[in-house]
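Engineer: The following file, coords10.cif, comprises mmCIF, C-alpha atoms:
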data_run
#
loop_
_atom_site.group_PDB
_atom_site.id
_atom_site.type_symbol
_atom_site.label_atom_id
_atom_site.label_comp_id
_atom_site.auth_asym_id
_atom_site.auth_seq_id
_atom_site.Cartn_x
_atom_site.Cartn_y
_atom_site.Cartn_z
ATOM 1 C CA ASP A 1 11.884 0.035 -3.751
ATOM 2 C CA ILE A 2 9.058 -2.338 -4.657
ATOM 3 C CA VAL A 3 8.517 -2.402 -8.419
ATOM 4 C CA VAL A 4 4.892 -2.532 -9.567
ATOM 5 C CA THR A 5 4.087 -3.767 -13.067
ATOM 6 C CA GLN A 6 0.686 -3.676 -14.700
ATOM 7 C CA SER A 7 -0.625 -5.526 -17.702
ATOM 8 C CA PRO A 8 -1.789 -4.863 -20.274
ATOM 9 C CA ASP A 9 -0.695 -1.283 -21.005
ATOM 10 C CA SER A 10 -4.005 -0.725 -22.748
ATOM 11 C CA LEU A 11 -7.167 -2.604 -23.548
ATOM 12 C CA ALA A 12 -10.434 -2.050 -25.337
ATOM 13 C CA VAL A 13 -13.610 -3.674 -24.059
ATOM 14 C CA SER A 14 -17.194 -3.509 -25.323
ATOM 15 C CA LEU A 15 -19.881 -1.815 -23.278
ATOM 16 C CA GLY A 16 -21.480 -4.233 -20.858
ATOM 17 C CA GLU A 17 -18.537 -6.618 -20.975
ATOM 18 C CA THR A 18 -15.839 -7.233 -18.348
ATOM 19 C CA ALA A 19 -12.408 -5.588 -18.208
ATOM 20 C CA THR A 20 -9.559 -7.249 -16.328
ATOM 21 C CA ILE A 21 -6.337 -5.499 -15.345
ATOM 22 C CA HIS A 22 -3.387 -7.239 -13.716
ATOM 23 C CA CYS A 23 -0.854 -5.888 -11.252
ATOM 24 C CA LYS A 24 2.303 -7.601 -10.059
ATOM 25 C CA THR A 25 4.622 -6.447 -7.285
ATOM 26 C CA SER A 26 8.322 -7.349 -7.052
ATOM 27 C CA GLN A 27 7.849 -8.560 -3.503
ATOM 28 C CA SER A 28 4.908 -9.572 -1.381
ATOM 29 C CA VAL A 29 2.712 -6.771 -0.023
ATOM 30 C CA LEU A 30 0.874 -9.099 2.356
ATOM 31 C CA TYR A 31 1.180 -8.335 6.052
ATOM 32 C CA THR A 32 0.948 -11.753 7.655
ATOM 33 C CA SER A 33 0.088 -10.222 11.044
ATOM 34 C CA ASN A 34 -3.372 -9.193 9.806
ATOM 35 C CA ASN A 35 -3.575 -11.047 6.480
ATOM 36 C CA LYS A 36 -4.048 -7.769 4.596
ATOM 37 C CA ASN A 37 -2.535 -6.865 1.264
ATOM 38 C CA TYR A 38 -1.336 -3.270 1.199
ATOM 39 C CA LEU A 39 -2.311 -2.551 -2.372
ATOM 40 C CA GLY A 40 -4.665 0.033 -3.798
ATOM 41 C CA TRP A 41 -6.305 0.776 -7.128
ATOM 42 C CA PHE A 42 -6.936 4.213 -8.596
ATOM 43 C CA GLN A 43 -8.881 5.524 -11.578
ATOM 44 C CA GLN A 44 -7.715 8.629 -13.434
ATOM 45 C CA LYS A 45 -9.886 10.250 -16.054
ATOM 46 C CA PRO A 46 -8.400 12.765 -18.527
ATOM 47 C CA GLY A 47 -7.638 16.091 -16.896
ATOM 48 C CA GLN A 48 -8.573 14.838 -13.439
ATOM 49 C CA PRO A 49 -6.623 13.697 -10.399
ATOM 50 C CA PRO A 50 -6.541 10.022 -9.452
ATOM 51 C CA LYS A 51 -9.550 8.663 -7.572
ATOM 52 C CA LEU A 52 -9.241 5.941 -4.973
ATOM 53 C CA LEU A 53 -11.238 2.848 -5.933
ATOM 54 C CA LEU A 54 -9.985 0.058 -3.675
ATOM 55 C CA TYR A 55 -7.662 -0.387 -0.719
ATOM 56 C CA TRP A 56 -6.453 -3.567 0.956
ATOM 57 C CA ALA A 57 -6.563 -4.947 -2.600
ATOM 58 C CA SER A 58 -10.305 -5.608 -2.501
ATOM 59 C CA THR A 59 -12.113 -3.173 -0.173
ATOM 60 C CA ARG A 60 -14.117 -0.617 -2.120
ATOM 61 C CA GLU A 61 -13.901 3.020 -1.162
ATOM 62 C CA SER A 62 -17.233 4.551 -0.208
ATOM 63 C CA GLY A 63 -19.316 5.414 -3.265
ATOM 64 C CA VAL A 64 -17.448 3.159 -5.689
ATOM 65 C CA PRO A 65 -19.873 0.978 -7.668
ATOM 66 C CA ASP A 66 -19.780 -2.736 -6.951
ATOM 67 C CA ARG A 67 -18.936 -3.278 -10.634
ATOM 68 C CA PHE A 68 -15.370 -2.637 -9.486
ATOM 69 C CA SER A 69 -13.784 -5.529 -7.634
ATOM 70 C CA GLY A 70 -10.284 -6.503 -6.654
ATOM 71 C CA SER A 71 -8.671 -9.820 -5.946
ATOM 72 C CA GLY A 72 -5.299 -11.419 -5.407
ATOM 73 C CA SER A 73 -2.731 -11.746 -2.661
ATOM 74 C CA GLY A 74 0.999 -11.587 -2.126
ATOM 75 C CA THR A 75 2.410 -10.359 -5.424
ATOM 76 C CA ASP A 76 -0.371 -10.871 -7.973
ATOM 77 C CA PHE A 77 -3.527 -8.829 -8.120
ATOM 78 C CA THR A 78 -6.450 -8.173 -10.437
ATOM 79 C CA LEU A 79 -8.899 -5.335 -10.910
ATOM 80 C CA THR A 80 -12.136 -6.454 -12.536
ATOM 81 C CA ILE A 81 -14.668 -4.033 -13.962
ATOM 82 C CA SER A 82 -17.936 -5.758 -14.759
ATOM 83 C CA ASN A 83 -20.729 -4.451 -16.981
ATOM 84 C CA LEU A 84 -18.413 -1.812 -18.450
ATOM 85 C CA GLN A 85 -19.933 1.655 -18.731
ATOM 86 C CA ALA A 86 -18.856 4.569 -20.914
ATOM 87 C CA GLU A 87 -17.828 6.531 -17.835
ATOM 88 C CA ASP A 88 -15.261 3.843 -16.955
ATOM 89 C CA VAL A 89 -12.935 5.053 -19.720
ATOM 90 C CA ALA A 90 -9.814 6.040 -17.808
ATOM 91 C CA VAL A 91 -6.296 5.040 -16.866
ATOM 92 C CA TYR A 92 -6.138 2.642 -13.934
ATOM 93 C CA PHE A 93 -3.180 2.465 -11.551
ATOM 94 C CA CYS A 94 -2.332 0.018 -8.831
ATOM 95 C CA GLN A 95 -0.216 1.201 -5.900
ATOM 96 C CA GLN A 96 1.646 -0.643 -3.182
ATOM 97 C CA TYR A 97 1.875 0.973 0.222
ATOM 98 C CA TYR A 98 3.446 -1.965 2.027
ATOM 99 C CA SER A 99 6.757 -0.134 2.228
ATOM 100 C CA THR A 100 8.042 3.390 1.751
ATOM 101 C CA PRO A 101 8.226 4.750 -0.839
ATOM 102 C CA ASP A 102 4.760 4.036 -2.123
ATOM 103 C CA THR A 103 5.115 2.979 -5.742
ATOM 104 C CA PHE A 104 2.666 2.782 -8.608
ATOM 105 C CA GLY A 105 2.262 0.699 -11.698
ATOM 106 C CA GLN A 106 2.714 2.393 -15.039
ATOM 107 C CA GLY A 107 -1.028 2.503 -15.657
ATOM 108 C CA THR A 108 -3.480 0.683 -17.913
ATOM 109 C CA LYS A 109 -5.521 2.696 -20.381
ATOM 110 C CA LEU A 110 -9.065 1.380 -20.729
ATOM 111 C CA GLU A 111 -11.090 2.274 -23.798
ATOM 112 C CA ILE A 112 -14.410 1.248 -25.253
ATOM 113 C CA LYS A 113 -14.288 -1.151 -28.205
ATOM 114 C CA GLU B 1 -17.230 21.167 0.512
ATOM 115 C CA VAL B 2 -14.373 18.844 1.286
ATOM 116 C CA GLN B 3 -11.537 19.766 -1.055
ATOM 117 C CA LEU B 4 -7.863 20.429 -1.602
ATOM 118 C CA VAL B 5 -6.680 23.225 -3.867
ATOM 119 C CA GLU B 6 -3.078 23.440 -4.993
ATOM 120 C CA SER B 7 -1.414 26.602 -6.221
ATOM 121 C CA GLY B 8 2.018 28.024 -6.979
ATOM 122 C CA GLY B 9 3.006 26.063 -10.040
ATOM 123 C CA ARG B 10 4.617 27.931 -12.931
ATOM 124 C CA LEU B 11 7.514 27.970 -15.365
ATOM 125 C CA VAL B 12 10.856 28.248 -13.582
ATOM 126 C CA ARG B 13 14.514 28.010 -14.623
ATOM 127 C CA PRO B 14 16.701 25.099 -13.502
ATOM 128 C CA GLY B 15 18.380 25.745 -10.176
ATOM 129 C CA ARG B 16 15.663 28.105 -8.950
ATOM 130 C CA SER B 17 13.138 27.607 -6.152
ATOM 131 C CA LEU B 18 9.375 27.410 -6.002
ATOM 132 C CA ARG B 19 6.847 26.962 -3.206
ATOM 133 C CA LEU B 20 3.610 25.087 -3.756
ATOM 134 C CA SER B 21 0.607 25.494 -1.474
ATOM 135 C CA CYS B 22 -2.267 23.152 -0.771
ATOM 136 C CA ALA B 23 -5.311 24.757 0.820
ATOM 137 C CA ALA B 24 -7.689 22.404 2.572
ATOM 138 C CA SER B 25 -11.349 23.009 3.389
ATOM 139 C CA GLY B 26 -14.338 21.105 4.644
ATOM 140 C CA PHE B 27 -12.511 18.882 7.125
ATOM 141 C CA THR B 28 -10.265 19.113 10.189
ATOM 142 C CA PHE B 29 -6.968 19.544 8.393
ATOM 143 C CA GLY B 30 -4.798 19.078 11.460
ATOM 144 C CA ASP B 31 -6.084 15.547 12.028
ATOM 145 C CA TYR B 32 -4.636 14.217 8.779
ATOM 146 C CA ALA B 33 -1.275 13.342 7.306
ATOM 147 C CA MET B 34 -0.732 14.993 3.956
ATOM 148 C CA SER B 35 1.283 13.817 0.970
ATOM 149 C CA TRP B 36 2.532 15.254 -2.287
ATOM 150 C CA PHE B 37 2.656 13.267 -5.502
ATOM 151 C CA ARG B 38 3.703 14.240 -9.004
ATOM 152 C CA GLN B 39 2.947 13.066 -12.489
ATOM 153 C CA ALA B 40 5.310 13.921 -15.309
ATOM 154 C CA PRO B 41 3.827 14.340 -18.807
ATOM 155 C CA GLY B 42 2.758 10.968 -20.156
ATOM 156 C CA ARG B 43 4.150 9.180 -17.135
ATOM 157 C CA GLY B 44 2.833 7.492 -14.059
ATOM 158 C CA LEU B 45 2.482 8.679 -10.512
ATOM 159 C CA GLU B 46 5.413 9.288 -8.184
ATOM 160 C CA TRP B 47 5.203 9.839 -4.445
ATOM 161 C CA VAL B 48 7.236 12.900 -3.465
ATOM 162 C CA SER B 49 6.822 13.711 0.201
ATOM 163 C CA PHE B 50 4.743 13.164 3.315
ATOM 164 C CA ILE B 51 4.074 15.012 6.570
ATOM 165 C CA ARG B 52 2.358 13.440 9.549
ATOM 166 C CA ALA B 53 -0.234 15.127 11.688
ATOM 167 C CA LYS B 54 1.096 17.067 14.692
ATOM 168 C CA GLU B 55 -0.444 14.393 16.912
ATOM 169 C CA PHE B 56 2.132 12.014 15.458
ATOM 170 C CA GLY B 57 5.009 14.442 15.614
ATOM 171 C CA GLY B 58 4.524 16.198 12.282
ATOM 172 C CA THR B 59 7.486 14.243 10.967
ATOM 173 C CA THR B 60 8.338 14.166 7.294
ATOM 174 C CA GLU B 61 9.585 11.762 4.649
ATOM 175 C CA TYR B 62 10.887 12.275 1.133
ATOM 176 C CA ALA B 63 11.484 10.358 -2.047
ATOM 177 C CA ALA B 64 15.153 9.798 -2.792
ATOM 178 C CA SER B 65 14.826 11.903 -5.947
ATOM 179 C CA VAL B 66 13.949 15.047 -3.960
ATOM 180 C CA LYS B 67 15.557 14.476 -0.555
ATOM 181 C CA GLY B 68 17.765 17.384 0.378
ATOM 182 C CA ARG B 69 16.092 19.695 -2.148
ATOM 183 C CA PHE B 70 12.392 19.693 -1.193
ATOM 184 C CA ILE B 71 10.877 20.568 2.187
ATOM 185 C CA VAL B 72 7.286 19.784 3.175
ATOM 186 C CA SER B 73 5.575 21.725 5.948
ATOM 187 C CA ARG B 74 2.130 22.535 7.253
ATOM 188 C CA ASP B 75 0.336 25.396 8.948
ATOM 189 C CA ASP B 76 -2.654 23.905 10.725
ATOM 190 C CA SER B 77 -3.894 27.357 11.756
ATOM 191 C CA LYS B 78 -4.320 28.201 8.072
ATOM 192 C CA ASN B 79 -5.227 24.702 6.844
ATOM 193 C CA ILE B 80 -2.401 24.772 4.329
ATOM 194 C CA ALA B 81 0.348 22.347 3.394
ATOM 195 C CA TYR B 82 3.431 23.560 1.581
ATOM 196 C CA LEU B 83 6.087 22.034 -0.630
ATOM 197 C CA GLN B 84 9.235 24.145 -0.862
ATOM 198 C CA MET B 85 11.165 23.033 -3.925
ATOM 199 C CA ASN B 86 14.797 24.151 -4.189
ATOM 200 C CA SER B 87 17.523 23.507 -6.767
ATOM 201 C CA LEU B 88 14.899 22.535 -9.298
ATOM 202 C CA LYS B 89 15.870 20.226 -12.126
ATOM 203 C CA ILE B 90 14.313 19.691 -15.543
ATOM 204 C CA GLU B 91 13.180 16.262 -14.385
ATOM 205 C CA ASP B 92 11.057 17.892 -11.668
ATOM 206 C CA THR B 93 8.657 19.021 -14.412
ATOM 207 C CA ALA B 94 5.264 17.535 -13.557
ATOM 208 C CA VAL B 95 1.779 18.149 -12.266
ATOM 209 C CA TYR B 96 1.992 18.155 -8.479
ATOM 210 C CA TYR B 97 -0.913 16.843 -6.423
ATOM 211 C CA CYS B 98 -1.486 17.105 -2.707
ATOM 212 C CA THR B 99 -3.493 14.387 -1.038
ATOM 213 C CA ARG B 100 -5.095 13.592 2.272
ATOM 214 C CA GLU B 101 -4.232 10.333 3.945
ATOM 215 C CA ARG B 102 -7.254 8.830 5.646
ATOM 216 C CA THR B 103 -7.155 5.964 8.125
ATOM 217 C CA TYR B 104 -9.473 3.058 7.467
ATOM 218 C CA ARG B 105 -10.328 0.452 10.085
ATOM 219 C CA ASP B 106 -12.134 -2.840 9.688
ATOM 220 C CA ALA B 107 -14.174 -4.918 12.129
ATOM 221 C CA THR B 108 -11.091 -6.829 13.273
ATOM 222 C CA GLY B 109 -9.306 -3.626 14.240
ATOM 223 C CA SER B 110 -6.845 -3.702 11.352
ATOM 224 C CA THR B 111 -6.010 -0.246 10.059
ATOM 225 C CA THR B 112 -4.560 1.162 6.902
ATOM 226 C CA GLU B 113 -4.068 4.556 5.356
ATOM 227 C CA ALA B 114 -5.152 5.463 1.842
ATOM 228 C CA TYR B 115 -5.142 8.622 -0.238
ATOM 229 C CA ASP B 116 -8.850 9.361 -0.363
ATOM 230 C CA LEU B 117 -8.822 13.036 -1.343
ATOM 231 C CA TRP B 118 -6.751 14.656 -4.098
ATOM 232 C CA GLY B 119 -6.460 18.200 -5.322
ATOM 233 C CA GLN B 120 -6.745 19.089 -8.992
ATOM 234 C CA GLY B 121 -2.996 19.587 -9.225
ATOM 235 C CA THR B 122 -0.661 22.447 -10.094
ATOM 236 C CA ARG B 123 1.742 22.344 -13.039
ATOM 237 C CA VAL B 124 5.435 22.935 -12.533
ATOM 238 C CA THR B 125 7.616 23.351 -15.598
ATOM 239 C CA VAL B 126 11.382 23.538 -15.177
ATOM 240 C CA SER B 127 12.998 24.715 -18.376
ATOM 241 C CA THR B 128 15.598 27.055 -19.782
#
Will you turn the file into structure tokens for me?
Structural biologist:
Amino acid sequence: DIVVTQSPDSLAVSLGETATIHCKTSQSVLYTSNNKNYLGWFQQKPGQPPKLLLYWASTRESGVPDRFSGSGSGTDFTLTISNLQAEDVAVYFCQQYYSTPDTFGQGTKLEIK
Amino acid sequence: EVQLVESGGRLVRPGRSLRLSCAASGFTFGDYAMSWFRQAPGRGLEWVSFIRAKEFGGTTEYAASVKGRFIVSRDDSKNIAYLQMNSLKIEDTAVYYCTRERTYRDATGSTTEAYDLWGQGTRVTVST
């Protein structure tokens, strides 16, 4: 199975500032045939199910604010949340779906400083 | 309203069985593959099982941790997906989510699937 590791485990960022979360996979999740990275990002607020934010590492799901952006390729990826809002407090997970089974990072807890 | 609603979770003794249901509404259930995930207390997300749409054979896949014990099925006439859980273990304790797998396509024709719709989850506790 592909191991997915996130860093940091938690971070605190001031309102209006930028939060950066890293995700590393144990092997490449890039399909060279279409140059797409099979990696997604999810947001989970307390007591709620996960919500899809990004797929293909950087494509925003419909309705997701453009403050959320993804970058990276191969094995190293980043989720960037710009202009942090109070409603962004959550745990963020990255997920690889390059190979079965899908596997997730351990999560990064984002709080307001 | 487009939604998934899980039910069936409860406290159960080790070795017993339980069936979870996932009722879909607001979309054409039969067109979509459905997956089950779980999240143990204070832990991350774990994929459990998957069933394809009938158009693609309705075939199933399972995580190694549940293979041989869990069975996923679907009744498209009722818009319900099921997860039959047998020989339950303490480590099966978790909130179980069902999800819809949607296909996304870009301008180049590349496609991918992503879990765009999740239920609120149902809690399964396996304990003596």
Engineer: Quick one: residues within 7 Å of Val29 of chain A, all atoms listed in the file, excluding same-chain residues fewer than 2 positions away - as a list in words?
Structural biologist: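 Everything that qualifies: Gln27, Tyr31, Asn37, Tyr38, Leu39, Gly74, Thr75, Gln96 and Tyr98 of chain A.
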Engineer: Near segment 104-115 of chain B, counting all atoms listed in the file, which residues have an atom at most 8 Å away, once you skip same-chain residues fewer than 3 positions from it, shown as a tab-separated table (two decimals) with C-alpha atoms, keeping the file's coordinate frame?
Structural biologist:
chain	number	residue	atom	x	y	z
A	34	ASN	CA	-3.37	-9.19	9.81
A	38	TYR	CA	-1.34	-3.27	1.20
A	40	GLY	CA	-4.66	0.03	-3.80
A	52	LEU	CA	-9.24	5.94	-4.97
A	55	TYR	CA	-7.66	-0.39	-0.72
A	56	TRP	CA	-6.45	-3.57	0.96
B	99	THR	CA	-3.49	14.39	-1.04
B	100	ARG	CA	-5.10	13.59	2.27
B	101	GLU	CA	-4.23	10.33	3.94
B	118	TRP	CA	-6.75	14.66	-4.10
Engineer: Hey, can you check how far atom CA of Gly15 of chain B sits from atom CA of Asp92 of chain B?
Structural biologist: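 Distance between the two atoms: 10.8 Å.
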Engineer: Using all atoms listed in the file, pick whichever of A:Val91, A:Ser73, A:Ser82, A:Ser33 has the shortest atom-to-atom distance to Gly47 of chain A.
Structural biologist: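 Once distances to Gly47 of chain A are computed over all atoms listed in the file, the minimum belongs to A:Val91.
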Engineer: Atom CA of Asp76 of chain A and atom CA of Pro46 of chain A, how far apart in Å?
Structural biologist: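 If I compute the distance from atom CA of Pro46 of chain A to atom CA of Asp76 of chain A, I get 27.1 Å.
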Engineer: To one decimal place in Å, what is the distance between atom CA of Thr59 of chain A and atom CA of Tyr62 of chain B?
Structural biologist: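 Pair atom CA of Thr59 of chain A / atom CA of Tyr62 of chain B returns 27.7 Å.
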Engineer: Define the interface residues of chain A facing chain B as those within 12 Å, counting all atoms listed in the file, and report them as a ChimeraX atom specification.
Structural biologist: /A:1,4-6,9,31-57,59-64,91-98,100-109
Engineer: With distances taken over only C-alpha atoms, which residue among B:Val124, B:Ala94, B:Leu88, B:Leu83 lies nearest Pro41 of chain B?
Structural biologist: B:Ala94
Engineer: Taking all heavy atoms as the atom set, what does segment 101-112 of chain B look like once completed, written as a PDB file, keeping the file's coordinate frame?
Structural biologist:
ATOM      1  N   GLU B 101      -4.371  11.736   3.607  1.00  0.00           N
ATOM      2  CA  GLU B 101      -4.232  10.333   3.945  1.00  0.00           C
ATOM      3  C   GLU B 101      -5.228   9.995   5.049  1.00  0.00           C
ATOM      4  O   GLU B 101      -5.107  10.472   6.182  1.00  0.00           O
ATOM      5  CB  GLU B 101      -2.805  10.024   4.405  1.00  0.00           C
ATOM      6  CG  GLU B 101      -2.521   8.556   4.520  1.00  0.00           C
ATOM      7  CD  GLU B 101      -1.066   8.283   4.824  1.00  0.00           C
ATOM      8  OE1 GLU B 101      -0.275   8.161   3.892  1.00  0.00           O
ATOM      9  OE2 GLU B 101      -0.743   8.206   6.027  1.00  0.00           O
ATOM     10  N   ARG B 102      -6.194   9.200   4.711  1.00  0.00           N
ATOM     11  CA  ARG B 102      -7.254   8.830   5.646  1.00  0.00           C
ATOM     12  C   ARG B 102      -6.967   7.450   6.219  1.00  0.00           C
ATOM     13  O   ARG B 102      -6.470   6.571   5.518  1.00  0.00           O
ATOM     14  CB  ARG B 102      -8.598   8.851   4.937  1.00  0.00           C
ATOM     15  CG  ARG B 102      -9.764   8.417   5.800  1.00  0.00           C
ATOM     16  CD  ARG B 102     -11.051   8.383   5.016  1.00  0.00           C
ATOM     17  NE  ARG B 102     -12.071   7.634   5.716  1.00  0.00           N
ATOM     18  CZ  ARG B 102     -13.263   7.338   5.192  1.00  0.00           C
ATOM     19  NH1 ARG B 102     -13.567   7.744   3.978  1.00  0.00           N
ATOM     20  NH2 ARG B 102     -14.135   6.648   5.881  1.00  0.00           N
ATOM     21  N   THR B 103      -7.308   7.267   7.481  1.00  0.00           N
ATOM     22  CA  THR B 103      -7.155   5.964   8.125  1.00  0.00           C
ATOM     23  C   THR B 103      -8.458   5.181   8.027  1.00  0.00           C
ATOM     24  O   THR B 103      -9.518   5.699   8.353  1.00  0.00           O
ATOM     25  CB  THR B 103      -6.756   6.126   9.597  1.00  0.00           C
ATOM     26  OG1 THR B 103      -5.496   6.812   9.670  1.00  0.00           O
ATOM     27  CG2 THR B 103      -6.625   4.770  10.274  1.00  0.00           C
ATOM     28  N   TYR B 104      -8.332   3.958   7.555  1.00  0.00           N
ATOM     29  CA  TYR B 104      -9.473   3.058   7.467  1.00  0.00           C
ATOM     30  C   TYR B 104      -9.278   1.935   8.487  1.00  0.00           C
ATOM     31  O   TYR B 104      -8.171   1.456   8.697  1.00  0.00           O
ATOM     32  CB  TYR B 104      -9.570   2.449   6.060  1.00  0.00           C
ATOM     33  CG  TYR B 104      -9.874   3.455   4.979  1.00  0.00           C
ATOM     34  CD1 TYR B 104      -8.849   4.238   4.442  1.00  0.00           C
ATOM     35  CD2 TYR B 104     -11.167   3.634   4.508  1.00  0.00           C
ATOM     36  CE1 TYR B 104      -9.120   5.158   3.450  1.00  0.00           C
ATOM     37  CE2 TYR B 104     -11.449   4.557   3.523  1.00  0.00           C
ATOM     38  CZ  TYR B 104     -10.418   5.319   2.998  1.00  0.00           C
ATOM     39  OH  TYR B 104     -10.688   6.245   2.013  1.00  0.00           O
ATOM     40  N   ARG B 105     -10.382   1.512   9.062  1.00  0.00           N
ATOM     41  CA  ARG B 105     -10.328   0.452  10.085  1.00  0.00           C
ATOM     42  C   ARG B 105     -11.421  -0.551   9.798  1.00  0.00           C
ATOM     43  O   ARG B 105     -12.549  -0.182   9.477  1.00  0.00           O
ATOM     44  CB  ARG B 105     -10.505   1.076  11.474  1.00  0.00           C
ATOM     45  CG  ARG B 105     -10.449   0.109  12.629  1.00  0.00           C
ATOM     46  CD  ARG B 105     -10.486   0.854  13.960  1.00  0.00           C
ATOM     47  NE  ARG B 105      -9.218   1.528  14.253  1.00  0.00           N
ATOM     48  CZ  ARG B 105      -9.045   2.836  14.160  1.00  0.00           C
ATOM     49  NH1 ARG B 105     -10.034   3.628  13.773  1.00  0.00           N
ATOM     50  NH2 ARG B 105      -7.870   3.365  14.454  1.00  0.00           N
ATOM     51  N   ASP B 106     -11.090  -1.848   9.909  1.00  0.00           N
ATOM     52  CA  ASP B 106     -12.134  -2.840   9.688  1.00  0.00           C
ATOM     53  C   ASP B 106     -12.609  -3.426  11.012  1.00  0.00           C
ATOM     54  O   ASP B 106     -12.143  -3.028  12.089  1.00  0.00           O
ATOM     55  CB  ASP B 106     -11.652  -3.918   8.711  1.00  0.00           C
ATOM     56  CG  ASP B 106     -10.640  -4.875   9.328  1.00  0.00           C
ATOM     57  OD1 ASP B 106     -10.276  -4.709  10.508  1.00  0.00           O
ATOM     58  OD2 ASP B 106     -10.211  -5.793   8.601  1.00  0.00           O
ATOM     59  N   ALA B 107     -13.534  -4.374  10.929  1.00  0.00           N
ATOM     60  CA  ALA B 107     -14.174  -4.918  12.129  1.00  0.00           C
ATOM     61  C   ALA B 107     -13.191  -5.662  13.026  1.00  0.00           C
ATOM     62  O   ALA B 107     -13.444  -5.815  14.224  1.00  0.00           O
ATOM     63  CB  ALA B 107     -15.317  -5.843  11.721  1.00  0.00           C
ATOM     64  N   THR B 108     -12.074  -6.095  12.462  1.00  0.00           N
ATOM     65  CA  THR B 108     -11.091  -6.829  13.273  1.00  0.00           C
ATOM     66  C   THR B 108     -10.127  -5.877  13.981  1.00  0.00           C
ATOM     67  O   THR B 108      -9.314  -6.327  14.788  1.00  0.00           O
ATOM     68  CB  THR B 108     -10.271  -7.789  12.390  1.00  0.00           C
ATOM     69  OG1 THR B 108      -9.411  -7.018  11.539  1.00  0.00           O
ATOM     70  CG2 THR B 108     -11.167  -8.676  11.552  1.00  0.00           C
ATOM     71  N   GLY B 109     -10.216  -4.599  13.651  1.00  0.00           N
ATOM     72  CA  GLY B 109      -9.306  -3.626  14.240  1.00  0.00           C
ATOM     73  C   GLY B 109      -8.091  -3.323  13.401  1.00  0.00           C
ATOM     74  O   GLY B 109      -7.264  -2.473  13.764  1.00  0.00           O
ATOM     75  N   SER B 110      -7.949  -4.003  12.266  1.00  0.00           N
ATOM     76  CA  SER B 110      -6.845  -3.702  11.352  1.00  0.00           C
ATOM     77  C   SER B 110      -7.038  -2.310  10.772  1.00  0.00           C
ATOM     78  O   SER B 110      -8.164  -1.901  10.467  1.00  0.00           O
ATOM     79  CB  SER B 110      -6.792  -4.725  10.224  1.00  0.00           C
ATOM     80  OG  SER B 110      -6.406  -5.991  10.695  1.00  0.00           O
ATOM     81  N   THR B 111      -5.937  -1.595  10.626  1.00  0.00           N
ATOM     82  CA  THR B 111      -6.010  -0.246  10.059  1.00  0.00           C
ATOM     83  C   THR B 111      -5.070  -0.112   8.878  1.00  0.00           C
ATOM     84  O   THR B 111      -4.070  -0.829   8.761  1.00  0.00           O
ATOM     85  CB  THR B 111      -5.651   0.833  11.099  1.00  0.00           C
ATOM     86  OG1 THR B 111      -4.295   0.625  11.521  1.00  0.00           O
ATOM     87  CG2 THR B 111      -6.584   0.782  12.280  1.00  0.00           C
ATOM     88  N   THR B 112      -5.434   0.806   8.000  1.00  0.00           N
ATOM     89  CA  THR B 112      -4.560   1.162   6.902  1.00  0.00           C
ATOM     90  C   THR B 112      -4.820   2.611   6.558  1.00  0.00           C
ATOM     91  O   THR B 112      -5.823   3.188   6.979  1.00  0.00           O
ATOM     92  CB  THR B 112      -4.790   0.270   5.665  1.00  0.00           C
ATOM     93  OG1 THR B 112      -3.766   0.539   4.700  1.00  0.00           O
ATOM     94  CG2 THR B 112      -6.150   0.557   5.036  1.00  0.00           C
TER      95      THR B 112
END
